Amino acid sequence: MVAGVTTTGFPRPGGRLGVRNHVVILPVDDISNAAAEAVARLVGGTMALPHPYGRLQFGADLALHWRTLIGTGRNPNVGAVVVIGIEPEWTGLVANGIAQSGKPVEAFSIEGNGDFATILRAARAAKDLVTQVSAIERQPCSLADLLVGIKCGESDTTSGLASNPALGVVVDRIAEAGGTVLFGETTELTGAEHLVAERMATPQLRERFQAMFDEYAKFLEEYGQDLLGSQPSKGNLAGGLTTIEEKAYGNIQKTGSGPVVGVLEPGDAPSVPGINFMNTSSAGAECVTLMAAAGAAVHFFTTGQGNVIGNPVTPVVKICANPQTVKRMSEHIDVDISGLLTGEATLVEAADRIVSAFAATALGRLTAAEILGHREFVLTRLHRSA
Amino acid sequence: MRILVHDEGDDVGIVLMDVTAGTECQGSLVRTGAALPPVRTVEEIPFGHKIALRPIAASAQVIEYGGPIGIATHDIPPGAYVHVHNLRSGRW
């Protein structure tokens with residue numbers, strides 16, 4: 001019941017379809033946030049993505065920064081990008097990375113020009129891009145054509161009982177229909193990682209997954225007991241989850257039961273259709289940002305205690321089965337499947353509701369996070385800057 | 001008073017309402033709805049938190065979802081509230 005569902009999407013040159021049509025003003029570095037935000041204020045139909053980084057990073061940390069910025073620009077929900085940076089070389093690197101996708105990109109650097117001149121030129125370019133992009137027509141497609149990311153956050157026992165199993169049914173349906181789903185949250189698999197490893201489609205994938213998991217676990221060990229205060233989180237504990245293992249078993253319910261066909265570095269686009277694992281932090285916005293950089297058009301996010309994050313380019317669909325949360329935090333919840341706990345709904349019915357929300361979101365219905373202005377854009381750092 | 005249980009053989013289930021001591025609870029499996037033997041609470045348990053379905057010995061593994069979710073730090077009788085005061089991680 002995903003294979004048969006048609007929807008529409010915005011075509012992008014040589015790539016996947018998107019369900020939104022953003023024109024993004026993308027700062028390369030923190031210095032360029034002010035100019036980017038000024039352009040977005042001047043030009044309707046644009047969205048700036050300010051962030052705190054991009055200077056004196058190096059090595060794998062810098063490479064991830066590029067991958068995330070370029071990937072965000074390449075996301076199929078983005079129609080065009082104006083890139084602004086302090087100096088031309090790194091600005092060009094980001095702009096070229098996005099331009100290789102075939103979509104329109106303009107680049108401006110502030111050094112030697114100043115904010116005002118940069119804002120003027122970038123705003124002119126942005127205005128023309130909005131005229132161009134807003135004329136793009138949707139074309140028919142299947143739900144399975146849309147790349148999906150999944151995460152759970154502010155989990156409690158209703159996550160493992162209800163919302164994650166329901167999402168897991170949908171994940172299996174998407175994979176069976178030829179679609180692709182990304183899951184991650186590497187450390188949050190602790191206690192159930194063997195169940196994920198068992199589903200890896202080849203021994204090589206299994207080895208890569210295990211290496212990623214072990215590396216992250218070793219990194220955490222070096223910080224010892226301090227971690228116990230933050231994982232499970234205070235919210236998880238209040239919601240009844242006691243240990244990381246219990247949280248992990250509940251977490252993986254959302255990943256379905258099918259084979260895992262890809263093991264991805266953070267921010268890398270999947271190349272094999274089906275269920276793919278990506279090495280990510282378990283912090284909500286970091287994970288969603290990386291999946292958006294990999295091209296996720298829609299994100300399904302189950303919550304128990306009430307997570308509120310969104311993403312600037314990918315609509316985040318909030319799914320909740322906690323009857324208290326759906327009432328007390330109703331403005332944040334897109335799909336109420338608390339009927340699973342009261343016995344009013346079956347797992348299949350709950351999965352069907354998620355698929356309906358998928359279809360409606362794809363067609364243009366705004367998620368709660370989009371309406372409330374939750375556009376958390378959070379770059380993952382691997383270490384300190386120089 | 002319903003309890004939801006993930007797998008047959010789990011040591012714990014989830015209460016679906018705040019319950020007081022002495023409440024008779026009826027468990028059922030999440031995926032199939034199959035009924036499980038009843039258990040009576042021996043103390044208050046908040047909505048969404050865990051109830052022991054059978055006696056668990058101190059230092060024994062506690063099973064949920066068909067696998068170990070941690071180690072009991074005290075003896076736990078059936079109907080007891082199971083959380084940070086009597087259950088710790090086996091991994092972290």
# chains A, B, ... in the order shown; residues from 1 in each chain; ligands from 1
>>> interface_residues(of="chain A", to="chain B", cutoff="10 Å", atoms="only C-alpha atoms", output="PyMOL selection string")
chain A and resi 156-158+160-162+165+190-192+217+220-221+224-225+227-228+231+237-250+253+304+322-324+340-343+346-347
>>> write_last_selection(atoms="N, CA and C atoms", output="short mmCIF file (atom, residue, chain, number, x, y, z; two decimals), in the first residue's frame")
data_model
loop_
_atom_site.label_atom_id
_atom_site.label_comp_id
_atom_site.auth_asym_id
_atom_site.auth_seq_id
_atom_site.Cartn_x
_atom_site.Cartn_y
_atom_site.Cartn_z
N ASP A 156 9.73 7.26 24.54
CA ASP A 156 9.34 6.62 25.78
C ASP A 156 8.87 5.22 25.43
N THR A 157 8.18 4.57 26.34
CA THR A 157 7.81 3.18 26.07
C THR A 157 6.77 3.08 24.96
N THR A 158 6.01 4.17 24.70
CA THR A 158 5.04 4.10 23.61
C THR A 158 5.74 4.07 22.25
N GLY A 160 8.52 2.29 21.51
CA GLY A 160 8.83 0.90 21.22
C GLY A 160 7.59 0.03 21.08
N LEU A 161 6.54 0.40 21.79
CA LEU A 161 5.30 -0.38 21.78
C LEU A 161 4.51 -0.16 20.50
N ALA A 162 4.49 1.09 20.05
CA ALA A 162 3.47 1.45 19.06
C ALA A 162 3.99 2.25 17.88
N PRO A 165 6.96 0.39 15.84
CA PRO A 165 6.49 -0.76 15.04
C PRO A 165 5.61 -0.34 13.86
N THR A 190 22.86 0.61 20.68
CA THR A 190 23.60 -0.17 21.67
C THR A 190 22.67 -1.08 22.46
N GLY A 191 22.98 -2.36 22.42
CA GLY A 191 22.14 -3.36 23.08
C GLY A 191 21.37 -4.17 22.06
N ALA A 192 21.09 -3.57 20.90
CA ALA A 192 20.36 -4.27 19.85
C ALA A 192 21.12 -4.27 18.54
N ALA A 217 31.41 3.41 19.76
CA ALA A 217 31.35 2.90 21.14
C ALA A 217 32.67 3.17 21.85
N LEU A 220 32.95 6.75 22.89
CA LEU A 220 32.15 7.04 24.08
C LEU A 220 32.81 6.51 25.35
N GLU A 221 33.43 5.34 25.25
CA GLU A 221 34.08 4.73 26.42
C GLU A 221 35.12 5.65 27.01
N GLY A 224 33.50 7.68 29.49
CA GLY A 224 33.06 6.94 30.66
C GLY A 224 31.69 7.28 31.20
N GLN A 225 31.62 7.38 32.51
CA GLN A 225 30.35 7.49 33.22
C GLN A 225 29.57 8.75 32.87
N LEU A 227 28.44 9.85 30.38
CA LEU A 227 27.39 9.65 29.37
C LEU A 227 26.06 9.25 29.99
N LEU A 228 26.14 8.60 31.16
CA LEU A 228 24.91 8.05 31.74
C LEU A 228 23.87 9.11 32.02
N GLN A 231 22.10 9.59 28.17
CA GLN A 231 21.57 8.54 27.30
C GLN A 231 21.26 7.31 28.14
N LEU A 237 13.81 8.73 30.50
CA LEU A 237 13.64 8.13 31.83
C LEU A 237 12.26 8.47 32.39
N ALA A 238 11.87 9.73 32.21
CA ALA A 238 10.54 10.14 32.70
C ALA A 238 9.45 9.36 31.99
N GLY A 239 9.72 8.97 30.75
CA GLY A 239 8.74 8.23 29.96
C GLY A 239 8.77 6.74 30.20
N GLY A 240 9.65 6.27 31.07
CA GLY A 240 9.64 4.86 31.46
C GLY A 240 10.75 4.01 30.88
N LEU A 241 11.58 4.56 29.98
CA LEU A 241 12.71 3.81 29.44
C LEU A 241 13.84 3.84 30.45
N THR A 242 14.40 2.67 30.75
CA THR A 242 15.36 2.58 31.85
C THR A 242 16.80 2.46 31.38
N THR A 243 17.05 1.69 30.33
CA THR A 243 18.43 1.43 29.92
C THR A 243 18.58 1.68 28.43
N ILE A 244 19.85 1.84 28.00
CA ILE A 244 20.11 2.05 26.57
C ILE A 244 19.67 0.83 25.76
N GLU A 245 19.80 -0.37 26.36
CA GLU A 245 19.38 -1.56 25.61
C GLU A 245 17.88 -1.53 25.34
N GLU A 246 17.12 -1.16 26.38
CA GLU A 246 15.66 -1.11 26.20
C GLU A 246 15.31 -0.08 25.13
N LYS A 247 15.99 1.08 25.21
CA LYS A 247 15.75 2.12 24.22
C LYS A 247 16.10 1.61 22.82
N ALA A 248 17.20 0.86 22.70
CA ALA A 248 17.65 0.37 21.39
C ALA A 248 16.65 -0.63 20.79
N TYR A 249 16.18 -1.56 21.59
CA TYR A 249 15.20 -2.52 21.09
C TYR A 249 13.96 -1.79 20.57
N GLY A 250 13.55 -0.77 21.32
CA GLY A 250 12.40 0.02 20.89
C GLY A 250 12.69 0.80 19.63
N GLN A 253 12.59 -1.06 16.18
CA GLN A 253 11.28 -1.48 15.68
C GLN A 253 10.91 -0.66 14.45
N GLY A 304 7.65 10.05 21.67
CA GLY A 304 6.80 9.64 22.78
C GLY A 304 6.48 10.83 23.66
N ASN A 322 1.59 8.34 22.14
CA ASN A 322 1.36 8.62 23.56
C ASN A 322 0.12 9.49 23.70
N PRO A 323 -0.94 8.96 24.32
CA PRO A 323 -2.20 9.71 24.37
C PRO A 323 -2.09 11.02 25.15
N GLN A 324 -1.15 11.10 26.09
CA GLN A 324 -0.99 12.36 26.83
C GLN A 324 -0.30 13.41 25.96
N LEU A 340 -3.45 2.90 18.95
CA LEU A 340 -2.77 1.60 19.08
C LEU A 340 -2.71 1.17 20.55
N LEU A 341 -2.59 2.14 21.45
CA LEU A 341 -2.48 1.79 22.87
C LEU A 341 -3.84 1.55 23.49
N THR A 342 -4.85 2.27 23.00
CA THR A 342 -6.18 2.11 23.59
C THR A 342 -6.90 0.91 22.99
N GLY A 343 -6.29 0.29 21.99
CA GLY A 343 -6.92 -0.86 21.35
C GLY A 343 -7.89 -0.47 20.25
N THR A 346 -5.44 -1.04 14.89
CA THR A 346 -4.47 -2.12 14.73
C THR A 346 -3.17 -1.54 14.17
N LEU A 347 -2.13 -2.36 14.19
CA LEU A 347 -0.84 -1.93 13.66
C LEU A 347 -0.96 -1.57 12.18
#
>>> residues_around(residues="stretch 11-16 of chain A", least_positions_apart="2", cutoff="8 Å", atoms="only C-alpha atoms", output="MDAnalysis selection string")
chainID A and resid 9 18 76 79 101:103 136:139 145:147
>>> residues_around(residues="stretch 42-45 of chain A", least_positions_apart="5", cutoff="8 Å", atoms="only C-alpha atoms", output="ChimeraX atom specification")
/A:22-23,123,126-127,130
>>> atom_distance(atom1="atom CA of A:Thr8", atom2="atom CA of A:Ile371")
21.0 Å
>>> closest_residue(among="A:Ala117, A:Ala321, A:Met1, A:Val313", to="A:Val81", atoms="only C-alpha atoms")
A:Val313
>>> residues_around(residues="stretch 19-25 of chain B", least_positions_apart="6", cutoff="10 Å", atoms="only C-alpha atoms", output="PyMOL selection string")
chain B and resi 1-4+36-47+51+53+79-81
>>> select_by_dssp(residues="chain B", states="strand (DSSP E)", output="PyMOL selection string")
chain B and resi 2-5+12-15+24-29+39-40+50-52+61-64+67-72+81-82+87-88
>>> atom_distance(atom1="atom CA of A:Leu372", atom2="atom CA of A:Ser134")
22.7 Å
>>> atom_distance(atom1="atom CA of A:Ala60", atom2="atom CA of A:His383")
9.0 Å
